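> Following this message is one structure expressed as structure tokens.
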Amino acid sequence: MEQSIWVSGTRYVGFKVTHWVSEVGRVTLMYGDMIRSALGKLPSYRVTIDQMGAIGVGSLGLVIVVSLFTGAVAAVQAAYQFSNVVPLKYLGAVILRSTIIELGPVLTALVVGGRVGAAIAAELGTMKVTEQIDALRAMGINPIRFLVLPRVFAATVMLPVMTIFSDAIAIIGGFLVAVLTIGVSPGTYLNSLKDFFYYKDLFSGLLKAMCFGNIIGTMGCFYGFSTEGGAEGVGIATTRAVVASCVLVLVTDYLLASVLFRIIFSTS
Amino acid sequence: MIAIRNLKKRLGGKQVLDGVDLEVRSGECVVVIGPSGTGKSVLLKHILGLMMPDQGSIEVNGEEIVGRKERELNQIRKKFGMVFQGAALFDSMTVGENVALALREHTDLDEQAIERRVVERLEWVGLKQVEQMKPASLSGGMRKRVGLARAIAMDPEFILYDEPTTGLDPIMSDAIDRLMRDLQRRMNVTSIVVTHDLGSAFKVGDRIAMLLGGKIIFNGPPDEVRQTRHPVVRQFIEGSSEGPIQPV
């Protein structure tokens, strides 16, 4: 009995590992197809602009609300941790750097990833199960170029744009809390921002955002294209796209942080 | 001309196609009939290169398509128009954009010429003033017609129909059948129609082939089908649940 539990447990782990490796392989193949098709013929300008609008403008409200409160919470938490240790004149600097390096890109990616990754997977998944993707292929149109490329490109371009909005709103949120409830003067907060603003921080944050956008677009398209069955399959694909996007965003965040701050910017 | 030889395909542990042989001559309309789940749609997808067989060959005008790369297949697919069972219209586009898509992607026609072609093809299938409508606002019959207009937008040499009358009322089914015959005459295309609607098969087919057990078990003109003593074909055209074909 005990042995059979071990055997079935090992089989389950083996199955999961094989499945995971196969998914990594299929994503890589799709990415390769995407690069090849981009080199052949550019994606539809209109579809790309539509996607940029859907990803950017469509997510703006959500990003504003999340960023405003993120900045506000950062101010409250930082002020609490500074108590009797660090002067409050550095509050602006802490909010600024933590926002543009980490909070802005990561929270924007998680929020937009949930919304956009799910929308892309659901749309492409529905297209798959209703034979619309077969219809494209039947017309001699490469679905990777026509559907995947504009979405991945739009997400890759729009995430940094959304992150800039997010950074600005979070810093304003922090400013409001710092000035109105903690007692930091506006001039002190603004001087702190000015003194501790580094372009490399902004660059790191935007580079991260670009990678996160690429991940969100790719995962949404991959799971959309992998959809099998009917409505249930679309639901499963949507959930998987969101989970994979969020996990990969956090893993990539760690890897990029290690490369950027331990190797590239460690000596500058 | 389309020549299919010894086509085999296994899907999900089941031998769906088990040595299909079928030849469709230029300008001919061949109807493939058979019970649901016998691989009729799978056969159509193989002809377009949307699925690749495990074994066998498919020649389109003497050109082998099995084993071709996707880029080469895309060139061959431009000779085809396909009408899908559920029409497979692109929800995010208007009717006009659906019909114009292949023209915009594959031709250098200017926008005015594309618009003229779209209006013309929609009129051929009996639709007027629908260019700006979204597929979601169309009835089942209208969706099939738009699917047909999209299939003929590029003046194809071959048209493949997957269950073109399924889910339609008898009057609309007859209208679609007439439309298919009209287009056959007007465009002199080669057609393959997959259906289990026998009324439709007898109206549109120059030849009727029956697919069962992964093989073409009968192939002949409609009159021959009506008079055949082949027990399986007889059971199918009489619509009897008793006989060699067991309902699943």
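Residue numbers start at 1 in each chain; chains themselves are named A, B, ... in the order of the structure tokens; ligands are numbered from 1 in the order shown.
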Would you kindly return, as a VMD selection string, each protein, DNA or RNA residue with an atom no farther than 12 Å from any atom of A:Val57, considering only C-alpha atoms and excluding same-chain residues fewer than 5 positions away?
chain A and resid 49 to 52 62 to 64 112 116 154 to 155 158 to 159 161 to 162 165
> Can you spit out the residues from that selection as a CSV table (one decimal), in the first residue's frame, using all heavy atoms?

chain,number,residue,atom,x,y,z
A,49,ILE,N,-2.3,48.7,-33.3
A,49,ILE,CA,-2.8,49.9,-32.6
A,49,ILE,C,-4.0,49.6,-31.7
A,49,ILE,O,-4.1,50.1,-30.5
A,49,ILE,CB,-3.1,51.0,-33.6
A,49,ILE,CG1,-1.9,51.4,-34.4
A,49,ILE,CG2,-3.8,52.2,-32.9
A,49,ILE,CD1,-0.8,52.2,-33.5
A,50,ASP,N,-4.9,48.8,-32.2
A,50,ASP,CA,-6.1,48.4,-31.4
A,50,ASP,C,-5.7,47.7,-30.2
A,50,ASP,O,-6.2,48.0,-29.1
A,50,ASP,CB,-7.0,47.4,-32.2
A,50,ASP,CG,-7.8,48.1,-33.3
A,50,ASP,OD1,-7.8,49.4,-33.3
A,50,ASP,OD2,-8.4,47.5,-34.1
A,51,GLN,N,-4.7,46.8,-30.3
A,51,GLN,CA,-4.2,46.1,-29.1
A,51,GLN,C,-3.5,47.0,-28.1
A,51,GLN,O,-3.7,46.8,-26.9
A,51,GLN,CB,-3.3,44.9,-29.5
A,51,GLN,CG,-3.9,43.8,-30.2
A,51,GLN,CD,-5.0,43.1,-29.3
A,51,GLN,OE1,-4.8,42.9,-28.1
A,51,GLN,NE2,-6.1,42.8,-29.9
A,52,MET,N,-2.8,47.9,-28.6
A,52,MET,CA,-2.1,48.9,-27.7
A,52,MET,C,-3.1,49.7,-26.9
A,52,MET,O,-3.0,49.9,-25.8
A,52,MET,CB,-1.2,49.8,-28.5
A,52,MET,CG,0.1,49.1,-29.0
A,52,MET,SD,1.1,50.0,-30.2
A,52,MET,CE,2.0,51.1,-29.1
A,62,LEU,N,-7.4,51.1,-13.7
A,62,LEU,CA,-7.0,50.1,-12.7
A,62,LEU,C,-5.6,50.4,-12.1
A,62,LEU,O,-5.4,50.4,-10.9
A,62,LEU,CB,-7.1,48.7,-13.3
A,62,LEU,CG,-7.0,47.5,-12.4
A,62,LEU,CD1,-8.1,47.5,-11.4
A,62,LEU,CD2,-7.0,46.2,-13.2
A,63,VAL,N,-4.7,50.8,-13.1
A,63,VAL,CA,-3.3,51.1,-12.7
A,63,VAL,C,-3.3,52.3,-11.8
A,63,VAL,O,-2.6,52.4,-10.8
A,63,VAL,CB,-2.5,51.2,-14.0
A,63,VAL,CG1,-1.1,51.8,-13.7
A,63,VAL,CG2,-2.3,49.9,-14.7
A,64,ILE,N,-4.1,53.3,-12.2
A,64,ILE,CA,-4.1,54.6,-11.4
A,64,ILE,C,-4.5,54.3,-9.9
A,64,ILE,O,-3.9,54.7,-9.0
A,64,ILE,CB,-5.1,55.6,-12.0
A,64,ILE,CG1,-4.4,56.2,-13.3
A,64,ILE,CG2,-5.4,56.7,-11.0
A,64,ILE,CD1,-5.3,57.1,-14.1
A,112,VAL,N,-1.9,44.4,-14.7
A,112,VAL,CA,-2.2,44.3,-16.2
A,112,VAL,C,-2.1,42.8,-16.6
A,112,VAL,O,-2.9,42.4,-17.5
A,112,VAL,CB,-1.2,45.2,-17.0
A,112,VAL,CG1,-1.3,45.0,-18.5
A,112,VAL,CG2,-1.3,46.6,-16.6
A,116,VAL,N,-5.0,41.7,-18.8
A,116,VAL,CA,-4.7,41.6,-20.2
A,116,VAL,C,-4.4,40.1,-20.6
A,116,VAL,O,-4.9,39.6,-21.6
A,116,VAL,CB,-3.6,42.5,-20.6
A,116,VAL,CG1,-3.1,42.2,-22.0
A,116,VAL,CG2,-4.0,43.9,-20.4
A,154,ALA,N,2.3,44.8,-28.6
A,154,ALA,CA,1.6,45.9,-27.9
A,154,ALA,C,1.8,45.8,-26.4
A,154,ALA,O,2.0,46.8,-25.7
A,154,ALA,CB,0.1,45.7,-28.2
A,155,ALA,N,1.8,44.5,-25.8
A,155,ALA,CA,2.1,44.4,-24.4
A,155,ALA,C,3.5,44.8,-24.0
A,155,ALA,O,3.7,45.5,-23.0
A,155,ALA,CB,1.8,42.9,-24.0
A,158,MET,N,3.5,48.7,-24.3
A,158,MET,CA,2.6,49.4,-23.4
A,158,MET,C,2.9,49.2,-21.9
A,158,MET,O,2.6,50.1,-21.1
A,158,MET,CB,1.1,49.0,-23.7
A,158,MET,CG,0.6,49.5,-25.0
A,158,MET,SD,0.9,51.2,-25.3
A,158,MET,CE,-0.2,52.1,-24.2
A,159,LEU,N,3.5,48.1,-21.5
A,159,LEU,CA,3.8,47.9,-20.1
A,159,LEU,C,4.8,49.0,-19.6
A,159,LEU,O,4.5,49.6,-18.5
A,159,LEU,CB,4.4,46.5,-19.9
A,159,LEU,CG,3.6,45.6,-19.0
A,159,LEU,CD1,3.7,46.0,-17.5
A,159,LEU,CD2,2.1,45.5,-19.4
A,161,VAL,N,5.0,52.0,-20.7
A,161,VAL,CA,4.2,53.3,-20.7
A,161,VAL,C,3.3,53.3,-19.5
A,161,VAL,O,3.3,54.3,-18.7
A,161,VAL,CB,3.4,53.4,-22.0
A,161,VAL,CG1,2.5,54.6,-21.9
A,161,VAL,CG2,4.3,53.5,-23.2
A,162,MET,N,2.7,52.2,-19.2
A,162,MET,CA,1.8,52.1,-18.0
A,162,MET,C,2.6,52.2,-16.7
A,162,MET,O,2.2,52.8,-15.7
A,162,MET,CB,1.1,50.7,-18.0
A,162,MET,CG,0.3,50.4,-19.2
A,162,MET,SD,-0.9,51.6,-19.5
A,162,MET,CE,-2.0,51.4,-18.1
A,165,PHE,N,3.3,55.8,-15.9
A,165,PHE,CA,2.1,56.4,-15.3
A,165,PHE,C,2.0,55.9,-13.8
A,165,PHE,O,1.7,56.7,-12.9
A,165,PHE,CB,0.8,55.9,-16.0
A,165,PHE,CG,0.4,56.7,-17.2
A,165,PHE,CD1,0.7,56.3,-18.5
A,165,PHE,CD2,-0.2,58.0,-17.0
A,165,PHE,CE1,0.3,57.1,-19.5
A,165,PHE,CE2,-0.6,58.8,-18.1
A,165,PHE,CZ,-0.3,58.3,-19.3
> If we count only C-alpha atoms, which residues of chain B reach to within 8 Å of chain A? Please list them as a list in words.
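Residues satisfying the distance criterion: Leu48, Leu50, Leu73, Asn74, Gln75, Ile76, Arg77, Lys78, Phe80, Gly81, Met82, Phe84, Gly86, Ala88, Leu89, Phe90, Ala102 and Glu105 of chain B.
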> Fewer than 5 positions away in the same chain doesn't count, so skip those; otherwise give me all residues within 9 Å of B:Leu148, counting only C-alpha atoms, as a PyMOL selection string.
chain B and resi 81-84+87+121-122+125+143+153+161+180
> Between A:Leu39, A:Ala178, A:Ala121, A:Val65, which residue has the minimum interatomic distance to A:Val243, considering only C-alpha atoms?
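Residue with the minimum atom-to-atom distance to A:Val243: A:Ala121.
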> For A:Lys194, work out the shell of residues within 10 Å, counting only C-alpha atoms and skipping chain neighbours fewer than 5 positions away, then give it as a CSV table (one decimal) with C-alpha atoms, in the first residue's frame.

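File written: selection28.csv
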chain,number,residue,atom,x,y,z
A,92,GLY,CA,10.5,60.9,-0.7
A,93,ALA,CA,13.7,59.2,-1.8
A,96,LEU,CA,10.8,57.2,-5.4
A,188,THR,CA,11.4,68.5,1.7
A,189,TYR,CA,9.6,65.7,-0.2
> State, in Å with one decimal place, the distance from atom CA of B:Arg207 to atom CA of B:Val32.
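Straight-line distance from atom CA of B:Arg207 to atom CA of B:Val32 works out to 8.7 Å.
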